[in-house]
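The next block is structure-v7.txt, given as compact mmCIF, C-alpha atoms.
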```
# COMPACT_ATOMS: atom_id res chain seq x y z
CA MET A 1071 -48.30 -56.60 44.32
CA ALA A 1072 -50.44 -58.88 42.17
CA VAL A 1073 -49.69 -59.24 38.47
CA SER A 1074 -52.16 -57.41 36.26
CA ILE A 1075 -52.32 -56.95 32.48
CA ARG A 1076 -54.11 -54.09 30.73
CA GLN A 1077 -54.88 -54.48 27.04
CA VAL A 1078 -53.50 -51.49 25.11
CA HIS A 1079 -54.54 -52.31 21.52
CA PRO A 1080 -57.97 -53.34 20.22
CA VAL A 1081 -56.66 -56.67 18.90
CA PHE A 1082 -53.69 -57.71 21.08
CA VAL A 1083 -50.83 -56.39 23.31
CA GLY A 1084 -50.94 -56.05 27.07
CA GLU A 1085 -49.11 -53.76 29.50
CA VAL A 1086 -48.00 -55.59 32.64
CA SER A 1087 -47.79 -54.25 36.18
CA GLY A 1088 -46.73 -56.02 39.36
CA ILE A 1089 -43.55 -57.60 37.92
CA ASP A 1090 -39.95 -56.74 38.74
CA ALA A 1091 -37.89 -58.43 36.04
CA THR A 1092 -34.62 -57.74 37.90
CA ARG A 1093 -35.36 -60.38 40.53
CA PRO A 1094 -36.26 -64.10 40.42
CA LEU A 1095 -39.91 -64.71 39.65
CA ALA A 1096 -42.29 -66.88 41.63
CA ALA A 1097 -44.04 -69.74 39.86
CA ASP A 1098 -47.37 -67.91 39.82
CA GLU A 1099 -45.72 -64.84 38.26
CA VAL A 1100 -44.21 -66.96 35.49
CA ALA A 1101 -47.59 -68.59 34.91
CA ALA A 1102 -49.32 -65.18 34.73
CA ILE A 1103 -46.82 -63.93 32.14
CA GLU A 1104 -47.13 -67.08 30.03
CA ALA A 1105 -50.93 -66.86 30.15
CA GLY A 1106 -50.65 -63.23 29.12
CA MET A 1107 -48.41 -64.16 26.21
CA ASP A 1108 -50.89 -66.81 25.07
CA ARG A 1109 -53.67 -64.22 25.06
CA TYR A 1110 -51.99 -60.96 24.02
CA ALA A 1111 -48.89 -62.19 22.09
CA VAL A 1112 -46.98 -59.00 23.07
CA LEU A 1113 -46.40 -57.80 26.63
CA VAL A 1114 -44.91 -54.45 27.70
CA PHE A 1115 -43.13 -54.00 31.04
CA ARG A 1116 -42.27 -50.41 31.99
CA ASP A 1117 -39.35 -49.15 34.10
CA GLN A 1118 -37.27 -52.33 34.15
CA HIS A 1119 -33.72 -51.14 35.00
CA ILE A 1120 -32.25 -54.49 34.07
CA THR A 1121 -28.67 -55.71 33.55
CA ASP A 1122 -27.59 -58.29 30.99
CA GLU A 1123 -27.24 -60.91 33.72
CA GLN A 1124 -30.71 -60.13 35.08
CA GLN A 1125 -32.22 -60.26 31.59
CA VAL A 1126 -30.66 -63.67 30.99
CA ALA A 1127 -32.02 -64.91 34.34
CA PHE A 1128 -35.49 -63.50 33.57
CA THR A 1129 -35.49 -65.16 30.14
CA ARG A 1130 -34.62 -68.58 31.56
CA HIS A 1131 -37.96 -68.64 33.37
CA PHE A 1132 -39.57 -69.28 29.98
CA GLY A 1133 -37.23 -71.82 28.43
CA GLU A 1134 -33.79 -72.40 27.00
CA ILE A 1135 -32.03 -69.34 25.62
CA GLU A 1136 -31.17 -69.39 21.94
CA ASN A 1137 -27.50 -68.69 21.18
CA SER A 1138 -27.07 -65.64 18.94
CA THR A 1139 -24.43 -67.33 16.76
CA GLY A 1140 -25.40 -67.74 13.12
CA GLY A 1141 -27.83 -64.87 12.72
CA HIS A 1142 -25.56 -62.03 11.63
CA VAL A 1143 -22.37 -61.09 9.80
CA THR A 1144 -20.56 -59.78 12.88
CA ARG A 1145 -17.15 -61.40 13.36
CA PRO A 1146 -16.26 -62.82 16.80
CA GLU A 1147 -13.78 -60.03 17.57
CA GLN A 1148 -16.47 -57.43 16.77
CA LYS A 1149 -19.00 -58.67 19.30
CA ARG A 1150 -20.06 -56.33 22.08
CA LEU A 1151 -22.24 -58.67 24.13
CA ASP A 1152 -22.35 -62.20 25.50
CA PRO A 1153 -23.45 -64.84 22.91
CA LEU A 1154 -26.69 -65.28 24.87
CA MET A 1155 -27.55 -61.64 24.08
CA ASN A 1156 -28.56 -60.45 20.61
CA ASP A 1157 -27.11 -57.02 19.96
CA VAL A 1158 -29.79 -55.12 18.03
CA SER A 1159 -28.22 -51.75 18.68
CA ASN A 1160 -26.44 -49.54 16.16
CA LEU A 1161 -23.15 -49.77 18.07
CA ASP A 1162 -19.74 -51.25 17.45
CA GLN A 1163 -17.59 -53.10 19.99
CA ASN A 1164 -16.39 -49.74 21.35
CA HIS A 1165 -19.95 -48.51 22.00
CA ARG A 1166 -19.81 -46.06 19.08
CA PRO A 1167 -22.45 -45.78 16.32
CA LEU A 1168 -21.53 -47.86 13.30
CA ALA A 1169 -20.32 -45.99 10.22
CA ARG A 1170 -22.91 -45.52 7.49
CA ASP A 1171 -21.15 -47.97 5.18
CA ASP A 1172 -20.26 -50.51 7.88
CA ARG A 1173 -21.24 -53.97 6.69
CA ARG A 1174 -22.85 -54.75 10.05
CA ARG A 1175 -25.08 -51.67 9.85
CA LEU A 1176 -26.16 -52.46 6.30
CA PHE A 1177 -27.01 -56.04 7.28
CA ASN A 1178 -28.98 -54.82 10.30
CA LEU A 1179 -31.15 -52.60 8.10
CA GLY A 1180 -33.01 -55.84 7.39
CA ASN A 1181 -34.62 -55.39 10.82
CA GLN A 1182 -36.72 -52.64 9.24
CA LEU A 1183 -38.53 -55.33 7.22
CA TRP A 1184 -41.43 -57.26 8.70
CA HIS A 1185 -40.09 -60.50 10.14
CA SER A 1186 -40.30 -63.16 12.83
CA ASP A 1187 -37.09 -63.69 14.81
CA SER A 1188 -35.11 -66.79 13.90
CA SER A 1189 -37.57 -68.12 11.34
CA PHE A 1190 -34.34 -68.73 9.38
CA ARG A 1191 -33.30 -71.40 11.91
CA PRO A 1192 -34.44 -75.04 11.64
CA VAL A 1193 -36.06 -74.67 15.08
CA PRO A 1194 -37.46 -71.13 15.14
CA ALA A 1195 -37.72 -68.94 18.23
CA LYS A 1196 -40.54 -68.91 20.76
CA TYR A 1197 -40.28 -65.56 22.60
CA SER A 1198 -38.07 -62.52 22.08
CA ILE A 1199 -37.33 -60.23 25.06
CA LEU A 1200 -36.03 -56.77 24.17
CA SER A 1201 -34.65 -54.23 26.63
CA GLY A 1202 -34.38 -50.55 25.72
CA ARG A 1203 -31.21 -49.45 27.51
CA ILE A 1204 -30.63 -46.23 25.56
CA ILE A 1205 -33.35 -44.98 23.23
CA VAL A 1206 -33.66 -42.16 20.72
CA ASP A 1207 -36.13 -39.28 20.98
CA HIS A 1208 -37.46 -39.59 17.43
CA GLY A 1209 -38.05 -42.71 15.36
CA GLY A 1210 -36.88 -46.17 16.36
CA ASN A 1211 -40.40 -47.37 17.16
CA THR A 1212 -41.05 -51.10 16.97
CA GLU A 1213 -44.20 -52.19 15.18
CA PHE A 1214 -45.96 -55.51 15.80
CA ALA A 1215 -48.55 -57.28 13.64
CA ASP A 1216 -50.94 -59.91 15.01
CA MET A 1217 -50.66 -62.91 12.71
CA ARG A 1218 -53.62 -64.67 14.34
CA ALA A 1219 -55.87 -61.80 13.29
CA ALA A 1220 -54.21 -61.88 9.86
CA TYR A 1221 -55.16 -65.54 9.46
CA ASP A 1222 -58.70 -64.94 10.73
CA ALA A 1223 -59.18 -62.21 8.09
CA LEU A 1224 -58.46 -64.58 5.18
CA ASP A 1225 -61.38 -65.82 3.12
CA ASP A 1226 -62.18 -69.52 3.21
CA ASP A 1227 -60.59 -70.26 -0.17
CA THR A 1228 -57.30 -68.68 0.86
CA LYS A 1229 -57.34 -70.48 4.21
CA ALA A 1230 -57.69 -73.76 2.34
CA GLU A 1231 -54.89 -72.79 -0.06
CA VAL A 1232 -52.34 -71.88 2.64
CA GLU A 1233 -53.16 -74.68 5.09
CA HIS A 1234 -50.45 -77.12 4.01
CA LEU A 1235 -47.96 -74.83 2.29
CA VAL A 1236 -44.30 -74.85 3.33
CA CYS A 1237 -41.97 -71.89 2.80
CA GLU A 1238 -38.20 -71.63 2.71
CA HIS A 1239 -36.74 -69.00 5.04
CA SER A 1240 -33.25 -67.52 4.94
CA LEU A 1241 -31.38 -64.34 5.80
CA ILE A 1242 -30.20 -64.50 2.18
CA TYR A 1243 -33.77 -63.72 1.09
CA SER A 1244 -34.49 -60.88 3.54
CA ARG A 1245 -31.14 -59.13 3.03
CA GLY A 1246 -31.36 -59.65 -0.70
CA LEU A 1247 -34.54 -57.56 -0.73
CA LEU A 1248 -32.39 -54.59 0.30
CA GLY A 1249 -29.59 -55.36 -2.14
CA PHE A 1250 -27.29 -56.87 0.49
CA THR A 1251 -26.06 -59.76 -1.64
CA GLU A 1252 -22.29 -59.85 -1.11
CA LEU A 1253 -21.91 -62.84 1.19
CA SER A 1254 -18.95 -65.11 1.73
CA GLU A 1255 -19.26 -68.83 1.07
CA GLU A 1256 -19.15 -69.38 4.83
CA GLU A 1257 -22.05 -66.94 5.32
CA ARG A 1258 -24.07 -68.54 2.52
CA ALA A 1259 -23.59 -71.93 4.17
CA MET A 1260 -24.59 -70.49 7.56
CA PHE A 1261 -27.70 -68.86 6.05
CA ARG A 1262 -28.82 -71.85 3.97
CA PRO A 1263 -32.63 -71.93 3.65
CA VAL A 1264 -34.79 -73.90 6.07
CA ARG A 1265 -38.41 -74.97 5.71
CA GLN A 1266 -41.28 -73.64 7.82
CA ARG A 1267 -45.03 -74.15 7.65
CA LEU A 1268 -47.02 -71.16 6.45
CA VAL A 1269 -49.82 -71.85 8.94
CA ARG A 1270 -49.04 -72.57 12.59
CA THR A 1271 -51.36 -73.63 15.40
CA HIS A 1272 -50.68 -72.31 18.87
CA PRO A 1273 -50.14 -75.21 21.31
CA LYS A 1274 -52.19 -73.63 24.12
CA SER A 1275 -54.99 -71.64 22.50
CA GLY A 1276 -55.33 -73.72 19.34
CA ARG A 1277 -55.56 -70.52 17.28
CA LYS A 1278 -54.05 -70.57 13.82
CA SER A 1279 -51.71 -67.88 12.58
CA LEU A 1280 -49.82 -67.06 9.42
CA TYR A 1281 -46.09 -67.64 9.77
CA LEU A 1282 -44.81 -64.89 7.52
CA SER A 1283 -41.48 -63.09 7.46
CA SER A 1284 -39.23 -61.19 5.07
CA HIS A 1285 -36.97 -64.24 5.51
CA ALA A 1286 -39.53 -66.32 3.56
CA GLY A 1287 -38.29 -66.32 -0.04
CA THR A 1288 -40.26 -69.06 -1.75
CA ILE A 1289 -42.91 -71.74 -1.35
CA VAL A 1290 -41.92 -75.36 -1.81
CA GLY A 1291 -43.22 -76.65 -5.12
CA TRP A 1292 -44.11 -73.20 -6.50
CA PRO A 1293 -42.25 -71.17 -9.13
CA MET A 1294 -40.35 -68.48 -7.23
CA PRO A 1295 -41.98 -65.43 -8.91
CA GLU A 1296 -45.46 -66.80 -8.16
CA ALA A 1297 -44.49 -67.64 -4.58
CA ARG A 1298 -43.03 -64.21 -3.92
CA ALA A 1299 -46.04 -62.43 -5.40
CA PHE A 1300 -48.38 -64.51 -3.22
CA LEU A 1301 -46.30 -63.98 -0.07
CA ARG A 1302 -46.20 -60.26 -0.78
CA ASP A 1303 -50.00 -60.17 -0.96
CA LEU A 1304 -50.26 -62.05 2.32
CA ASN A 1305 -47.78 -59.71 4.01
CA GLU A 1306 -49.60 -56.60 2.81
CA ALA A 1307 -52.92 -57.92 4.11
CA ALA A 1308 -51.41 -59.07 7.41
CA THR A 1309 -49.91 -55.68 8.23
CA GLN A 1310 -52.96 -53.51 7.74
CA PRO A 1311 -53.11 -50.72 10.38
CA GLU A 1312 -55.93 -52.28 12.38
CA ARG A 1313 -53.70 -55.29 13.14
CA VAL A 1314 -50.54 -53.30 13.98
CA TYR A 1315 -49.39 -51.95 17.35
CA VAL A 1316 -46.72 -49.23 17.38
CA HIS A 1317 -44.48 -49.35 20.45
CA ARG A 1318 -42.96 -45.95 21.21
CA TRP A 1319 -40.03 -46.77 23.44
CA ARG A 1320 -39.37 -45.32 26.87
CA GLN A 1321 -35.99 -45.95 28.43
CA TYR A 1322 -35.90 -49.24 30.35
CA ASP A 1323 -38.98 -50.66 28.66
CA LEU A 1324 -38.88 -54.46 28.43
CA VAL A 1325 -41.04 -55.94 25.68
CA ILE A 1326 -41.75 -59.63 25.11
CA TRP A 1327 -43.36 -60.99 21.97
CA ASP A 1328 -44.33 -64.41 20.72
CA ASN A 1329 -42.65 -65.07 17.36
CA ARG A 1330 -45.15 -67.83 16.65
CA GLN A 1331 -48.04 -65.34 16.62
CA THR A 1332 -46.58 -62.01 15.49
CA MET A 1333 -44.31 -60.22 13.07
CA HIS A 1334 -42.41 -57.05 13.91
CA ARG A 1335 -40.11 -54.42 12.46
CA VAL A 1336 -38.13 -51.41 13.69
CA ARG A 1337 -38.62 -47.99 12.11
CA ARG A 1338 -35.91 -45.61 10.94
CA PHE A 1339 -34.05 -43.31 13.32
CA ASP A 1340 -30.97 -41.07 13.28
CA ASP A 1341 -28.11 -43.57 13.16
CA ASN A 1342 -25.67 -40.96 14.40
CA LEU A 1343 -27.29 -41.26 17.82
CA ILE A 1344 -26.78 -44.13 20.25
CA ARG A 1345 -29.62 -46.65 20.36
CA ASP A 1346 -28.70 -49.51 22.68
CA MET A 1347 -31.21 -52.38 22.46
CA ARG A 1348 -30.46 -55.84 23.85
CA ARG A 1349 -32.47 -58.95 23.09
CA THR A 1350 -32.61 -62.41 24.58
CA THR A 1351 -34.48 -65.12 22.72
CA VAL A 1352 -36.34 -68.14 24.09
CA ALA A 1353 -35.63 -71.08 21.81
CA GLY A 1354 -38.44 -73.02 20.21
CA ASP A 1355 -38.88 -76.71 20.87
CA ALA A 1356 -39.44 -78.25 17.42
CA PRO A 1357 -39.26 -77.59 13.68
CA THR A 1358 -42.48 -76.44 12.04
CA ALA A 1359 -41.98 -78.70 9.04
CA ALA A 1360 -39.73 -81.54 7.96
CA GLN A 1361 -36.30 -80.07 7.24
CA ALA A 1362 -34.34 -80.83 4.11
CA ALA A 1363 -31.05 -79.55 2.77
CA ALA A 1364 -31.59 -76.60 0.46
```

Is it possible to give me this structure as structure tokens?
Amino acid sequence: MAVSIRQVHPVFVGEVSGIDATRPLAADEVAAIEAGMDRYAVLVFRDQHITDEQQVAFTRHFGEIENSTGGHVTRPEQKRLDPLMNDVSNLDQNHRPLARDDRRRLFNLGNQLWHSDSSFRPVPAKYSILSGRIIVDHGGNTEFADMRAAYDALDDDTKAEVEHLVCEHSLIYSRGLLGFTELSEEERAMFRPVRQRLVRTHPKSGRKSLYLSSHAGTIVGWPMPEARAFLRDLNEAATQPERVYVHRWRQYDLVIWDNRQTMHRVRRFDDNLIRDMRRTTVAGDAPTAAQAAA
């Protein structure tokens, strides 16, 4: 069956048919998916009954897999999945929902803020690939915002203003927005801020996009209050409804998004229910801006 992609949102997002992610892909299938990512930025694959091993193999078609270490407060003995898998569920190592006051759950509430995966790393992520193994009936939707369209909507003066700006990104900033500020010295060192360009250019299409995220806490050379006010304005404009796609999960959906061109967030759900979501991440290939110690 030939690969086909149907656009499901007026601005971006495609639904893919003709792909079985549980088996090795042919070169033309990989090329079709990559071309679809360049165009749509988010791709949805339905009915992918995939295992962790198959998801890892599928992800490797698109590049090196980013190790999950360094992006959470989960201790090694608390991990449920292989380090190549990001556990974005609400479950502990015994497959039970985390307690309401569990530190891991409180940290993970940051996923409800608009963000781009791994923008807090010196080399940020390329693609994220999320598998819905067990979903909830109500809530838990994932929303995506097209940051190319967000850039295009800026007036000329603002485009000129943001063109060469560099932001500092850190999990300290995003979690601090929710009042999660009690971090160990080891965690603060692990989450030290990194620098990322505010405007990125896609290597294939040449389209510019805003590289925003709740992890972005300041702009280099700006007073912090001014920077945060400006970034807040940009975020509000970027996530207007006409540029947002709401993905309502079906079990065994597989969704891929390009972190260079989108932001996303998860919506609230009943945390007493099991929601088992497993993500692999394709590593990026270069920093967006010269890195310096914070």

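Taking all atoms listed in the file into account, A:Asp1157 lies nearest to A:Asp1122 out of the set A:Asp1122, A:Asp1227, A:Asp1323, A:Asp1340.
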
With distances taken over all atoms listed in the file, which of A:Leu1241, A:Ala1356, A:Ala1072, A:Glu1257 is nearest to A:Ser1186?
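Of A:Leu1241, A:Ala1356, A:Ala1072, A:Glu1257, the one nearest A:Ser1186, counting all atoms listed in the file, is A:Leu1241.
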
Please identify all polymer residues lying at most 6 Å from the point (-40.7, -71.1, -0.4) (file coordinates), using only C-alpha atoms, and present the result as a PyMOL selection string.
chain A and resi 1237-1238+1287-1290

Provide an axis-aligned box for all listed atoms of stretch 1277-1295 of chain A, padding each side by 5 Å; report its centre and its edge lengths in Å to one decimal, as JSON.
```
{"center_x": -46.3, "center_y": -68.9, "center_z": 4.1, "size_x": 28.6, "size_y": 25.5, "size_z": 36.4}
```

In terms of the shortest atom-to-atom distance over only C-alpha atoms, which of A:Glu1312, A:Asp1226, A:Glu1252, A:Glu1085 is closest to A:Val1114?
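The shortest atom-to-atom distance to A:Val1114 comes from A:Glu1085.
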
Which residues come within 7 Å of stretch 1299-1308 of chain A, counting all atoms listed in the file, excluding same-chain residues fewer than 2 positions away, as a list in words?
Met1217, Ala1220, Leu1282, Pro1295, Glu1296, Ala1297 and Gln1310 of chain A

Have a look at A:Arg1298, A:Arg1335, A:Lys1149, A:His1119 and name the one nearest to A:Tyr1315; count only C-alpha atoms.
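Going through A:Arg1298, A:Arg1335, A:Lys1149, A:His1119 one by one, the smallest distance to A:Tyr1315 is for A:Arg1335.
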
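Taking atom CA of A:Phe1115 and atom CA of A:Leu1168 as endpoints, the distance between them is 28.6 Å.
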
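Between atom CA of A:Val1100 and atom CA of A:Thr1351 lies a distance of 16.2 Å.
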
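The closest residue to A:Gly1141, picked from A:Asn1156, A:Thr1121, A:Ser1198, A:Ser1087 and counting only C-alpha atoms, is A:Asn1156.
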
Among listed residues A:Thr1212, A:Asn1329, A:Thr1358, A:Gln1148, nearest A:Pro1192 (using all atoms listed in the file):
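Between A:Thr1212, A:Asn1329, A:Thr1358, A:Gln1148, the residue approaching A:Pro1192 most closely is A:Thr1358.
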
Expressed in Å to a single decimal, how great is the separation between atom CA of A:Lys1278 and atom CA of A:Asp1216?
11.2 Å

Neighbours of point (-51.3, -60.9, 21.9) within 7 Å, using only C-alpha atoms, written as a list in words
Phe1082, Val1083, Met1107, Asp1108, Arg1109, Tyr1110, Ala1111, Val1112 and Asp1216 of chain A

Emit a file covering stretch 1322-1363 of chain A of the preceding structure with C-alpha atoms, as a short mmCIF file (atom, residue, chain, number, x, y, z; two decimals), in the first residue's frame.
```
data_model
loop_
_atom_site.label_atom_id
_atom_site.label_comp_id
_atom_site.auth_asym_id
_atom_site.auth_seq_id
_atom_site.Cartn_x
_atom_site.Cartn_y
_atom_site.Cartn_z
CA TYR A 1322 -2.35 2.96 19.72
CA ASP A 1323 -2.09 6.31 17.98
CA LEU A 1324 1.50 7.19 17.09
CA VAL A 1325 2.17 10.91 16.64
CA ILE A 1326 5.38 12.49 15.37
CA TRP A 1327 6.12 16.19 15.60
CA ASP A 1328 9.00 18.42 14.61
CA ASN A 1329 10.24 20.33 17.66
CA ARG A 1330 11.96 22.84 15.40
CA GLN A 1331 8.62 23.98 13.96
CA THR A 1332 6.03 23.41 16.69
CA MET A 1333 5.18 23.76 20.35
CA HIS A 1334 2.87 21.40 22.21
CA ARG A 1335 1.23 20.77 25.57
CA VAL A 1336 -0.90 18.08 27.21
CA ARG A 1337 -4.26 18.96 28.77
CA ARG A 1338 -5.52 17.93 32.19
CA PHE A 1339 -7.05 14.52 32.86
CA ASP A 1340 -8.06 12.40 35.86
CA ASP A 1341 -4.71 11.41 37.36
CA ASN A 1342 -6.31 8.53 39.23
CA LEU A 1343 -6.65 6.73 35.91
CA ILE A 1344 -3.81 5.05 34.03
CA ARG A 1345 -2.45 7.03 31.09
CA ASP A 1346 0.52 5.21 29.58
CA MET A 1347 2.33 7.35 26.98
CA ARG A 1348 5.81 6.50 25.73
CA ARG A 1349 8.03 8.84 23.75
CA THR A 1350 11.20 8.39 21.76
CA THR A 1351 13.10 11.48 20.66
CA VAL A 1352 15.25 12.00 17.57
CA ALA A 1353 18.29 14.03 18.59
CA GLY A 1354 19.13 17.26 16.84
CA ASP A 1355 22.43 17.70 15.05
CA ALA A 1356 23.72 21.10 16.21
CA PRO A 1357 23.20 23.89 18.75
CA THR A 1358 21.02 26.78 17.62
CA ALA A 1359 23.34 29.37 19.10
CA ALA A 1360 26.81 29.56 20.61
CA GLN A 1361 26.65 27.95 24.05
CA ALA A 1362 28.09 29.54 27.15
CA ALA A 1363 28.06 28.55 30.79
#
```
